[in-house]
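Asker: Below: one structure in structure tokens.
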Amino acid sequence: MPQQQTITTYNFSELSEAVQKKLIESYELSDWWDSWVIDAIKEEAKELGIENFDFQYSGFWSQGDGASFTGTLTTDLLTAILKERFNEEIDFEPDNCLASIARKSYPHYAHENMVYSVFDPDLENITEEDCEEIEKVINDWKNELCSKWYQLLYNVYEEDTSEERIKEEYEGIQFLEDGRFL
């Protein structure tokens, strides 16, 4: 025989501090929390002139965490990087050069040191020392970009897992006294 029962529900702010704390500590982000950030990073890479772009990251509290990417730099991007570094003074046209970012073969790490620049000049007047210097310049540029993108992801993660944001997420949800969702 069916029985009718009455239960009391609570808004998050009406729960005890201990239950609120337990709910905040057990909060988990959705698997797609970072999708809009990664889309923005992909769009920025496209605007910069990185073709065949592939972005990876892991975060945020373990050794090896970080962000990195692979791709081919357009001639315009390569020229801009080199002119900025050498104060507009480069003595060759990079039109016949290939510059890219490649991944090392350590699949369990994603940070910027797991990728490196490859500079392949199709010019006879560039020395090996010049090539090494250009690769260093591209690596420095790549590291700055990886750090910037990783910091962006970290900031969004920190904001999305802040106590204030979690409380906002729980607004409008009805709970039982022990914190279970109704």
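Chain identifiers are assigned as A, B, and so on, following the order in which chains appear in the structure tokens; residues are numbered from 1 within each chain, and ligands are numbered from 1 in order of appearance.
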Contacts of segment 102-106 of chain A at 8 Å or less, counting only C-alpha atoms, minus same-chain residues fewer than 3 places along, as a list in words?
Answerer: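 Near segment 102-106 of chain A, the qualifying residues are Phe69, Thr70, Gly71, Tyr109, Met114, Val115, Tyr116, Ser117 and Val118 of chain A.
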Asker: Would you export the selected residues with C-alpha atoms as a PDB file, in the first residue's frame, please?
Answerer:
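The new file again_34.pdb reads:
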ATOM      1  CA  PHE A  69      51.276  22.589 -29.194  1.00  0.00           C
ATOM      2  CA  THR A  70      52.544  21.423 -32.534  1.00  0.00           C
ATOM      3  CA  GLY A  71      52.083  23.047 -35.898  1.00  0.00           C
ATOM      4  CA  TYR A 109      53.816  14.895 -20.488  1.00  0.00           C
ATOM      5  CA  MET A 114      57.924  18.361 -24.711  1.00  0.00           C
ATOM      6  CA  VAL A 115      57.857  20.273 -27.995  1.00  0.00           C
ATOM      7  CA  TYR A 116      60.679  21.945 -29.877  1.00  0.00           C
ATOM      8  CA  SER A 117      61.221  24.169 -32.882  1.00  0.00           C
ATOM      9  CA  VAL A 118      62.411  22.905 -36.213  1.00  0.00           C
TER      10      VAL A 118
END
Asker: Pick the closest to Tyr154 of chain A from A:Ala18, A:Val37, A:Ile101, A:Ile24: which is it, counting only C-alpha atoms?
Answerer: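 Checking each of A:Ala18, A:Val37, A:Ile101, A:Ile24 against Tyr154 of chain A, counting only C-alpha atoms, the winner is A:Val37.
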Asker: Which residues are near His108 of chain A? Cut-off 10 Å, only C-alpha atoms, ignore same chain within fewer than 4 positions. Put them as a list in words.
Answerer: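 Returned residues: Ser58, Gly64, Asp65 and Met114 of chain A.
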Asker: Include C-alpha atoms and write out the residues we just selected as a PDB file, in the first residue's frame.
Answerer:
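The file below, part_19.pdb, is the result:
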ATOM      1  CA  SER A  58      47.444  18.567 -18.443  1.00  0.00           C
ATOM      2  CA  GLY A  64      54.798  17.318 -16.144  1.00  0.00           C
ATOM      3  CA  ASP A  65      51.662  19.461 -16.165  1.00  0.00           C
ATOM      4  CA  MET A 114      57.924  18.361 -24.711  1.00  0.00           C
TER       5      MET A 114
END
Asker: Counting only C-alpha atoms, what is within 12 Å of Glu168 of chain A, bar same-chain residues fewer than 3 positions away, as number ranges by chain?
Answerer: A: 11-13, 24, 159-165, 171-173
Asker: Could you write those residues out with N, CA and C atoms, as an mmCIF file, in the first residue's frame?
Answerer:
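File again32.cif, as written:
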data_model
loop_
_atom_site.group_PDB
_atom_site.id
_atom_site.type_symbol
_atom_site.label_atom_id
_atom_site.label_comp_id
_atom_site.auth_asym_id
_atom_site.auth_seq_id
_atom_site.Cartn_x
_atom_site.Cartn_y
_atom_site.Cartn_z
ATOM 1 N N ASN A 11 17.804 24.797 0.575
ATOM 2 C CA ASN A 11 18.697 25.459 -0.363
ATOM 3 C C ASN A 11 20.112 25.282 0.178
ATOM 4 N N PHE A 12 21.097 25.459 -0.673
ATOM 5 C CA PHE A 12 22.485 25.282 -0.250
ATOM 6 C C PHE A 12 22.808 26.148 0.968
ATOM 7 N N SER A 13 22.387 27.396 0.950
ATOM 8 C CA SER A 13 22.711 28.316 2.045
ATOM 9 C C SER A 13 22.038 27.922 3.359
ATOM 10 N N ILE A 24 31.220 21.374 -1.224
ATOM 11 C CA ILE A 24 32.221 22.169 -1.939
ATOM 12 C C ILE A 24 33.455 21.318 -2.223
ATOM 13 N N GLU A 159 38.889 29.757 -11.192
ATOM 14 C CA GLU A 159 37.634 30.491 -11.058
ATOM 15 C C GLU A 159 36.446 29.531 -10.992
ATOM 16 N N ASP A 160 36.461 28.517 -11.866
ATOM 17 C CA ASP A 160 35.338 27.575 -11.918
ATOM 18 C C ASP A 160 35.273 26.663 -10.704
ATOM 19 N N THR A 161 36.374 26.516 -9.977
ATOM 20 C CA THR A 161 36.368 25.675 -8.778
ATOM 21 C C THR A 161 36.453 26.508 -7.499
ATOM 22 N N SER A 162 36.277 27.813 -7.623
ATOM 23 C CA SER A 162 36.292 28.664 -6.432
ATOM 24 C C SER A 162 35.022 28.411 -5.608
ATOM 25 N N GLU A 163 35.132 28.660 -4.349
ATOM 26 C CA GLU A 163 33.994 28.458 -3.453
ATOM 27 C C GLU A 163 32.794 29.283 -3.903
ATOM 28 N N GLU A 164 33.037 30.520 -4.325
ATOM 29 C CA GLU A 164 31.942 31.392 -4.767
ATOM 30 C C GLU A 164 31.216 30.807 -5.982
ATOM 31 N N ARG A 165 32.002 30.304 -6.953
ATOM 32 C CA ARG A 165 31.392 29.752 -8.161
ATOM 33 C C ARG A 165 30.616 28.476 -7.841
ATOM 34 N N GLU A 171 23.037 27.047 -6.355
ATOM 35 C CA GLU A 171 21.823 27.840 -6.173
ATOM 36 C C GLU A 171 20.668 27.211 -6.946
ATOM 37 N N GLY A 172 19.528 27.160 -6.340
ATOM 38 C CA GLY A 172 18.341 26.629 -6.992
ATOM 39 C C GLY A 172 18.201 25.119 -6.905
ATOM 40 N N ILE A 173 19.210 24.431 -6.377
ATOM 41 C CA ILE A 173 19.121 22.980 -6.216
ATOM 42 C C ILE A 173 18.588 22.697 -4.818
#
Asker: As a PyMOL selection string, please: every residue in chain A that a backbone DSSP assignment puts in strand (DSSP E).
Answerer: chain A and resi 50-58+66-73+97-103+115-121
Asker: Create the file for the chosen residues now, containing C-alpha atoms and written as a compact mmCIF listing (two decimals), in the first residue's frame.
Answerer:
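Writing done, so here's part-v6.txt:
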# COMPACT_ATOMS: atom_id res chain seq x y z
CA ILE A 50 50.01 28.41 -36.84
CA GLU A 51 48.79 25.80 -39.30
CA ASN A 52 48.09 22.12 -38.54
CA PHE A 53 47.68 23.19 -34.92
CA ASP A 54 47.40 20.50 -32.24
CA PHE A 55 47.10 21.62 -28.61
CA GLN A 56 47.59 19.50 -25.49
CA TYR A 57 47.63 20.26 -21.80
CA SER A 58 47.44 18.57 -18.44
CA GLY A 66 51.60 22.27 -18.66
CA ALA A 67 50.54 23.14 -22.16
CA SER A 68 52.13 22.62 -25.54
CA PHE A 69 51.28 22.59 -29.19
CA THR A 70 52.54 21.42 -32.53
CA GLY A 71 52.08 23.05 -35.90
CA THR A 72 53.68 24.78 -38.82
CA LEU A 73 54.40 28.51 -38.71
CA CYS A 97 62.13 28.45 -44.96
CA LEU A 98 60.06 25.96 -43.03
CA ALA A 99 59.51 26.47 -39.32
CA SER A 100 57.44 24.18 -37.18
CA ILE A 101 56.91 22.97 -33.64
CA ALA A 102 57.25 19.20 -33.19
CA ARG A 103 56.50 16.91 -30.25
CA VAL A 115 57.86 20.27 -28.00
CA TYR A 116 60.68 21.94 -29.88
CA SER A 117 61.22 24.17 -32.88
CA VAL A 118 62.41 22.91 -36.21
CA PHE A 119 63.88 25.43 -38.61
CA ASP A 120 64.74 24.26 -42.09
CA PRO A 121 66.11 27.03 -44.28
Asker: Between A:Ile41, A:Leu23, A:Leu15, A:Ile126, which one has atoms that come closest to Leu152 of chain A, using only C-alpha atoms?
Answerer: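 The answer is A:Ile41, which sits nearest to Leu152 of chain A.
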Asker: Would you compute the distance between atom CA of Trp33 of chain A and atom CA of Ser147 of chain A? Give it in Å to one decimal.
Answerer: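 Straight-line distance from atom CA of Trp33 of chain A to atom CA of Ser147 of chain A works out to 19.5 Å.
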Asker: With distances taken over only C-alpha atoms, which of A:Ile90, A:Asn143, A:Glu25, A:Ile134 is nearest to Lys167 of chain A?
Answerer: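 The shortest atom-to-atom distance to Lys167 of chain A comes from A:Glu25.
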Asker: Counting only C-alpha atoms, which of A:Asp34, A:Glu17, A:Asp130, A:Asp122 gets nearest to Glu158 of chain A?
Answerer: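 Once distances to Glu158 of chain A are computed over only C-alpha atoms, the minimum belongs to A:Asp34.
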Asker: In segment 43-177 of chain A, what's helix (DSSP H, G or I) per DSSP? Answer as number ranges by chain?
Answerer: A: 43-48, 75-85, 94-96, 112-114, 128-160, 163-170
Asker: Could you pull the residues within 8 Å of Ile81 of chain A, counting only C-alpha atoms, minus those fewer than 4 positions along the same chain, as a ChimeraX atom specification?
Answerer: /A:77,85,137-138,141
Asker: Restricting the calculation to only C-alpha atoms, which member of A:Glu169, A:Glu133, A:Pro94, A:Glu112 is positioned closest to Cys146 of chain A?
Answerer: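 Going through A:Glu169, A:Glu133, A:Pro94, A:Glu112 one by one, the smallest distance to Cys146 of chain A is for A:Glu112.
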Asker: When you count only C-alpha atoms, which of these residues is closest to Trp36 of chain A: A:Leu145, A:Ile7, A:Val156, A:Ala110?
Answerer: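 With only C-alpha atoms as the atom set, the closest residue is A:Val156.
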Asker: Please compute the atom CA of Leu48 of chain A-atom CA of Asp76 of chain A distance, one decimal, in Å.
Answerer: 8.9 Å
Asker: Measure the distance from atom CA of Lys83 of chain A to atom CA of Glu43 of chain A in Å and round it to one decimal.
Answerer: 23.4 Å
